[in-house]
Amino acid sequence: NEILADANLIVAGMGFLEDEFDMVRNSYNNLLGFDGQYYHRREEAVYMPAFVIGSGPSLDMDLPYLKANQDRALVVSCGTTLRILLNNGIMPDIHVEMENVPVVATIMETLSKDHDLSSITLVAANTIDPGVKDYFDRVIFFIRPSLTSSKLFDLGEDAAIEFPSPTVANLGFSLACELGFQSVYLFGVDLGARNPNSHHASGAIYETGVIEAGVSAEDIQIPVAANFGGTIFSEYVYLWSKDMIENKAARYQGRRQFYNCSDGIRIVGILPKLSATIKLPEQKDKKSVIDPILASFPT
């Protein structure tokens with residue numbers, strides 16, 4: 001019964017042959033002549049909060065808090081969240097990308113016309129479209145695990161980030177954990193919606209028609225427990241993402257503090273917390289904490 005219940009997840013995890021072709025080609029073109037940096041897992045602790053921000057519908061209610069407190073934490077933007085943050089005066093320290101499709105480069109081209117992306121550090125899978133990296137001054141590639149390309153372009157076990165998929169929010173959360181941040185706050189990582197017709201935050205790139213959302217209201221029909229009580233609706237990739245976040249959090253049980261500020265799915269091991277209740281100390285110069293970490297990665 002358990003196997004049948006998880007049939008969709010089992011099949012989805014197998015991947016697709018055409019995707020493997022694309023990712024091998026992208027890896028080759030990303031790394032050919034590349035003189036940037038690559039990821040290497042760290043052991044040091046960082047006693048500063050990290051905000052991992054997705055583009056779920058509940059992000060709308062937390063944007064004022066994030067804008068007011070962006071100088072008190074590492075700000076990690078996940079995928080399509082970047083447009084929303086920049087348009088609301090929030091500048092990420094790190095932007096993470098994992099999707100291998102060319103439209104991601106198109107999104108960056110569009111954003112670069114209105115915003116300067118150069119100060120943001122891109123941490124991305126070696127499998128992304130090669131055009132994406134051109135819009136960032138500092139690029140750090142990690143080797144995405146369990147793919148053909150991860151074997152062909154192997155840089156060692158420590159060059160991979162564990163549990164970076166299936167959604168880019170998984171990548172953001174796993175990165176914040178592995179960088180050593182002792183407290184991690186999730187915003188807009190809803191992995192579902194109270195109203196399936198409103199499954200992303202206002203101002204998401206999907207509203208412009210440049211790219212279509214990967215899910216629709218018809219997909220988001222599975223009732224699950226909500227983070228702040230009641231029921232929301234999810235779908236199988238989101239549930240897979242939830243499982244991977246829980247697996248990652250379990251690795252750090254007792255050694256990290258994890259808070260879910262999203263009005264989305266209930267995630268085991270991540271404490272529900274309204275942003276209005278979070279009081280963070282001032283950081284005199286958070287760049288002096290973050291820059292040495294990013295500069296420490298090998299070239």
# chains A, B, ... in the order shown; residues from 1 in each chain; ligands from 1
>>> closest_atom_pairs(of="segment 112-204 of chain A", to="segment 221-242 of chain A", cutoff="9 Å", atoms="only C-alpha atoms", output="tab-separated table")
residue	atom	partner	partner_atom	distance
A:Ser165	CA	A:Ser241	CA	6.9
A:Pro166	CA	A:Ser241	CA	5.7
A:Thr167	CA	A:Ser241	CA	6.2
A:Ala169	CA	A:Ser241	CA	8.1
A:Asn170	CA	A:Ser241	CA	6.6
A:Asp190	CA	A:Asn227	CA	8.7
A:Leu191	CA	A:Tyr238	CA	4.9
A:Gly192	CA	A:Ser234	CA	4.2
A:Ala193	CA	A:Phe233	CA	5.4
A:Arg194	CA	A:Ile232	CA	4.4
A:Asn195	CA	A:Phe233	CA	7.6
A:Pro196	CA	A:Phe233	CA	6.7
>>> residues_around(residues="Asn26 of chain A", least_positions_apart="4", cutoff="6 Å", atoms="only C-alpha atoms", output="VMD selection string")
chain A and resid 30 127 129
>>> write_last_selection(atoms="N, CA and C atoms", output="JSON list (two decimals), in the first residue's frame")
[["chain", "number", "residue", "atom", "x", "y", "z"],
["A", 30, "ASN", "N", 28.95, 25.32, -19.32],
["A", 30, "ASN", "CA", 29.16, 26.15, -18.13],
["A", 30, "ASN", "C", 30.60, 26.11, -17.65],
["A", 127, "THR", "N", 24.29, 22.34, -13.99],
["A", 127, "THR", "CA", 23.42, 21.92, -15.10],
["A", 127, "THR", "C", 22.50, 23.02, -15.61],
["A", 129, "ASP", "N", 21.17, 26.51, -17.55],
["A", 129, "ASP", "CA", 21.47, 27.05, -18.87],
["A", 129, "ASP", "C", 22.69, 27.98, -18.78]]
>>> select_by_dssp(residues="segment 166-292 of chain A", states="alpha helix (DSSP H)", output="NGL selection string")
:A and (168-178 or 236-251 or 287-292)
>>> write_last_selection(atoms="N, CA, C and O atoms", output="tab-separated table (two decimals), in the first residue's frame")
chain	number	residue	atom	x	y	z
A	168	VAL	N	13.57	24.46	-6.12
A	168	VAL	CA	14.69	25.33	-5.81
A	168	VAL	C	14.67	25.78	-4.34
A	168	VAL	O	15.70	26.15	-3.79
A	169	ALA	N	13.51	25.69	-3.69
A	169	ALA	CA	13.45	25.97	-2.25
A	169	ALA	C	14.25	24.94	-1.47
A	169	ALA	O	14.85	25.26	-0.44
A	170	ASN	N	14.26	23.69	-1.95
A	170	ASN	CA	15.09	22.67	-1.32
A	170	ASN	C	16.56	23.05	-1.41
A	170	ASN	O	17.33	22.89	-0.45
A	171	LEU	N	16.96	23.57	-2.56
A	171	LEU	CA	18.35	24.01	-2.74
A	171	LEU	C	18.69	25.14	-1.77
A	171	LEU	O	19.74	25.11	-1.11
A	172	GLY	N	17.81	26.12	-1.66
A	172	GLY	CA	18.07	27.24	-0.77
A	172	GLY	C	18.19	26.81	0.68
A	172	GLY	O	19.09	27.25	1.40
A	173	PHE	N	17.30	25.93	1.11
A	173	PHE	CA	17.33	25.45	2.49
A	173	PHE	C	18.59	24.62	2.75
A	173	PHE	O	19.28	24.82	3.76
A	174	SER	N	18.90	23.71	1.85
A	174	SER	CA	20.09	22.86	2.03
A	174	SER	C	21.36	23.69	2.04
A	174	SER	O	22.28	23.43	2.82
A	175	LEU	N	21.43	24.70	1.17
A	175	LEU	CA	22.62	25.57	1.14
A	175	LEU	C	22.79	26.31	2.46
A	175	LEU	O	23.90	26.34	3.01
A	176	ALA	N	21.72	26.89	2.97
A	176	ALA	CA	21.81	27.63	4.24
A	176	ALA	C	22.28	26.71	5.36
A	176	ALA	O	23.09	27.12	6.21
A	177	CYS	N	21.80	25.47	5.36
A	177	CYS	CA	22.25	24.51	6.38
A	177	CYS	C	23.73	24.22	6.23
A	177	CYS	O	24.49	24.25	7.22
A	178	GLU	N	24.17	23.95	5.01
A	178	GLU	CA	25.55	23.53	4.80
A	178	GLU	C	26.54	24.68	4.95
A	178	GLU	O	27.72	24.45	5.24
A	236	TYR	N	1.91	16.36	-5.79
A	236	TYR	CA	2.91	15.35	-5.46
A	236	TYR	C	4.34	15.87	-5.50
A	236	TYR	O	5.18	15.44	-4.69
A	237	VAL	N	4.69	16.83	-6.37
A	237	VAL	CA	6.06	17.36	-6.37
A	237	VAL	C	6.29	18.18	-5.10
A	237	VAL	O	7.36	18.11	-4.48
A	238	TYR	N	5.28	18.96	-4.71
A	238	TYR	CA	5.40	19.72	-3.47
A	238	TYR	C	5.56	18.78	-2.26
A	238	TYR	O	6.32	19.08	-1.33
A	239	LEU	N	4.84	17.67	-2.26
A	239	LEU	CA	4.96	16.72	-1.16
A	239	LEU	C	6.34	16.06	-1.15
A	239	LEU	O	6.91	15.80	-0.09
A	240	TRP	N	6.87	15.82	-2.33
A	240	TRP	CA	8.24	15.31	-2.46
A	240	TRP	C	9.22	16.33	-1.89
A	240	TRP	O	10.14	15.99	-1.14
A	241	SER	N	9.01	17.60	-2.23
A	241	SER	CA	9.86	18.68	-1.72
A	241	SER	C	9.80	18.73	-0.20
A	241	SER	O	10.84	18.89	0.48
A	242	LYS	N	8.61	18.62	0.37
A	242	LYS	CA	8.43	18.60	1.82
A	242	LYS	C	9.26	17.47	2.44
A	242	LYS	O	9.96	17.66	3.45
A	243	ASP	N	9.18	16.27	1.87
A	243	ASP	CA	9.93	15.13	2.40
A	243	ASP	C	11.43	15.40	2.40
A	243	ASP	O	12.14	15.06	3.36
A	244	MET	N	11.93	16.03	1.34
A	244	MET	CA	13.36	16.29	1.25
A	244	MET	C	13.81	17.36	2.25
A	244	MET	O	14.90	17.29	2.81
A	245	ILE	N	12.96	18.37	2.49
A	245	ILE	CA	13.28	19.37	3.52
A	245	ILE	C	13.34	18.70	4.89
A	245	ILE	O	14.24	18.96	5.70
A	246	GLU	N	12.38	17.81	5.14
A	246	GLU	CA	12.37	17.09	6.42
A	246	GLU	C	13.60	16.22	6.58
A	246	GLU	O	14.19	16.14	7.68
A	247	ASN	N	14.02	15.56	5.51
A	247	ASN	CA	15.23	14.74	5.56
A	247	ASN	C	16.46	15.59	5.87
A	247	ASN	O	17.33	15.20	6.65
A	248	LYS	N	16.53	16.75	5.24
A	248	LYS	CA	17.67	17.64	5.48
A	248	LYS	C	17.66	18.15	6.92
A	248	LYS	O	18.70	18.16	7.60
A	249	ALA	N	16.51	18.57	7.39
A	249	ALA	CA	16.40	19.09	8.76
A	249	ALA	C	16.78	18.03	9.78
A	249	ALA	O	17.40	18.33	10.81
A	250	ALA	N	16.41	16.78	9.50
A	250	ALA	CA	16.71	15.69	10.44
A	250	ALA	C	18.21	15.49	10.61
A	250	ALA	O	18.67	15.06	11.67
A	251	ARG	N	18.99	15.82	9.57
A	251	ARG	CA	20.45	15.69	9.66
A	251	ARG	C	21.03	16.63	10.73
A	251	ARG	O	22.12	16.39	11.22
A	287	LYS	N	27.94	42.01	5.60
A	287	LYS	CA	28.84	41.65	4.50
A	287	LYS	C	30.18	41.12	5.02
A	287	LYS	O	30.80	40.26	4.39
A	288	SER	N	30.61	41.64	6.17
A	288	SER	CA	31.87	41.18	6.72
A	288	SER	C	31.79	39.74	7.20
A	288	SER	O	32.82	39.07	7.38
A	289	VAL	N	30.57	39.24	7.42
A	289	VAL	CA	30.36	37.84	7.79
A	289	VAL	C	30.21	36.97	6.54
A	289	VAL	O	30.80	35.89	6.43
A	290	ILE	N	29.42	37.47	5.58
A	290	ILE	CA	29.06	36.67	4.42
A	290	ILE	C	30.19	36.59	3.39
A	290	ILE	O	30.49	35.52	2.84
A	291	ASP	N	30.84	37.72	3.11
A	291	ASP	CA	31.85	37.75	2.03
A	291	ASP	C	32.99	36.78	2.24
A	291	ASP	O	33.41	36.10	1.29
A	292	PRO	N	33.56	36.67	3.46
A	292	PRO	CA	34.65	35.69	3.64
A	292	PRO	C	34.22	34.25	3.38
A	292	PRO	O	35.01	33.43	2.90
>>> closest_residue(among="A:Met48, A:Phe181, A:Lys151, A:Leu117", to="Tyr135 of chain A", atoms="only C-alpha atoms")
A:Leu117
>>> atom_distance(atom1="atom CA of Leu59 of chain A", atom2="atom CA of Val215 of chain A")
17.5 Å
>>> atom_distance(atom1="atom CA of Glu99 of chain A", atom2="atom CA of Ile267 of chain A")
23.5 Å
>>> residues_around(residues="Ile107 of chain A", least_positions_apart="2", cutoff="9 Å", atoms="only C-alpha atoms", output="VMD selection string")
chain A and resid 80 83 103 to 105 109 to 112 132 205 210 to 211
>>> select_by_dssp(residues="segment 111-210 of chain A", states="strand (DSSP E or B)", output="list in words")
Thr121, Leu122, Val123, Ala124, Ala125, Arg138, Val139, Ile140, Phe141, Phe142, Phe181, Gln182, Ser183, Val184, Tyr185, Leu186, Phe187 and Ala193 of chain A
>>> residues_around(residues="His95 of chain A", least_positions_apart="2", cutoff="8 Å", atoms="only C-alpha atoms", output="MDAnalysis selection string")
chainID A and resid 76:79 82 92:93 97 120:123
>>> closest_residue(among="A:His40, A:Lys286, A:Lys273, A:Lys133", to="Glu157 of chain A", atoms="only C-alpha atoms")
A:His40
>>> closest_residue(among="A:Ser262, A:Gln283, A:Gln70, A:Ser149", to="Tyr47 of chain A", atoms="only C-alpha atoms")
A:Gln283
>>> closest_residue(among="A:Leu85, A:Arg255, A:Gly33, A:Tyr65", to="Gly203 of chain A", atoms="only C-alpha atoms")
A:Leu85
>>> residues_around(residues="segment 276-282 of chain A", least_positions_apart="5", cutoff="10 Å", atoms="only C-alpha atoms", output="PyMOL selection string")
chain A and resi 48-49+62+65+69+71-73+185+259+261
>>> closest_residue(among="A:Ser55, A:Asn126, A:Gly131, A:Tyr28", to="Pro145 of chain A", atoms="only C-alpha atoms")
A:Asn126
>>> atom_distance(atom1="atom CA of Leu86 of chain A", atom2="atom CA of Tyr206 of chain A")
15.6 Å
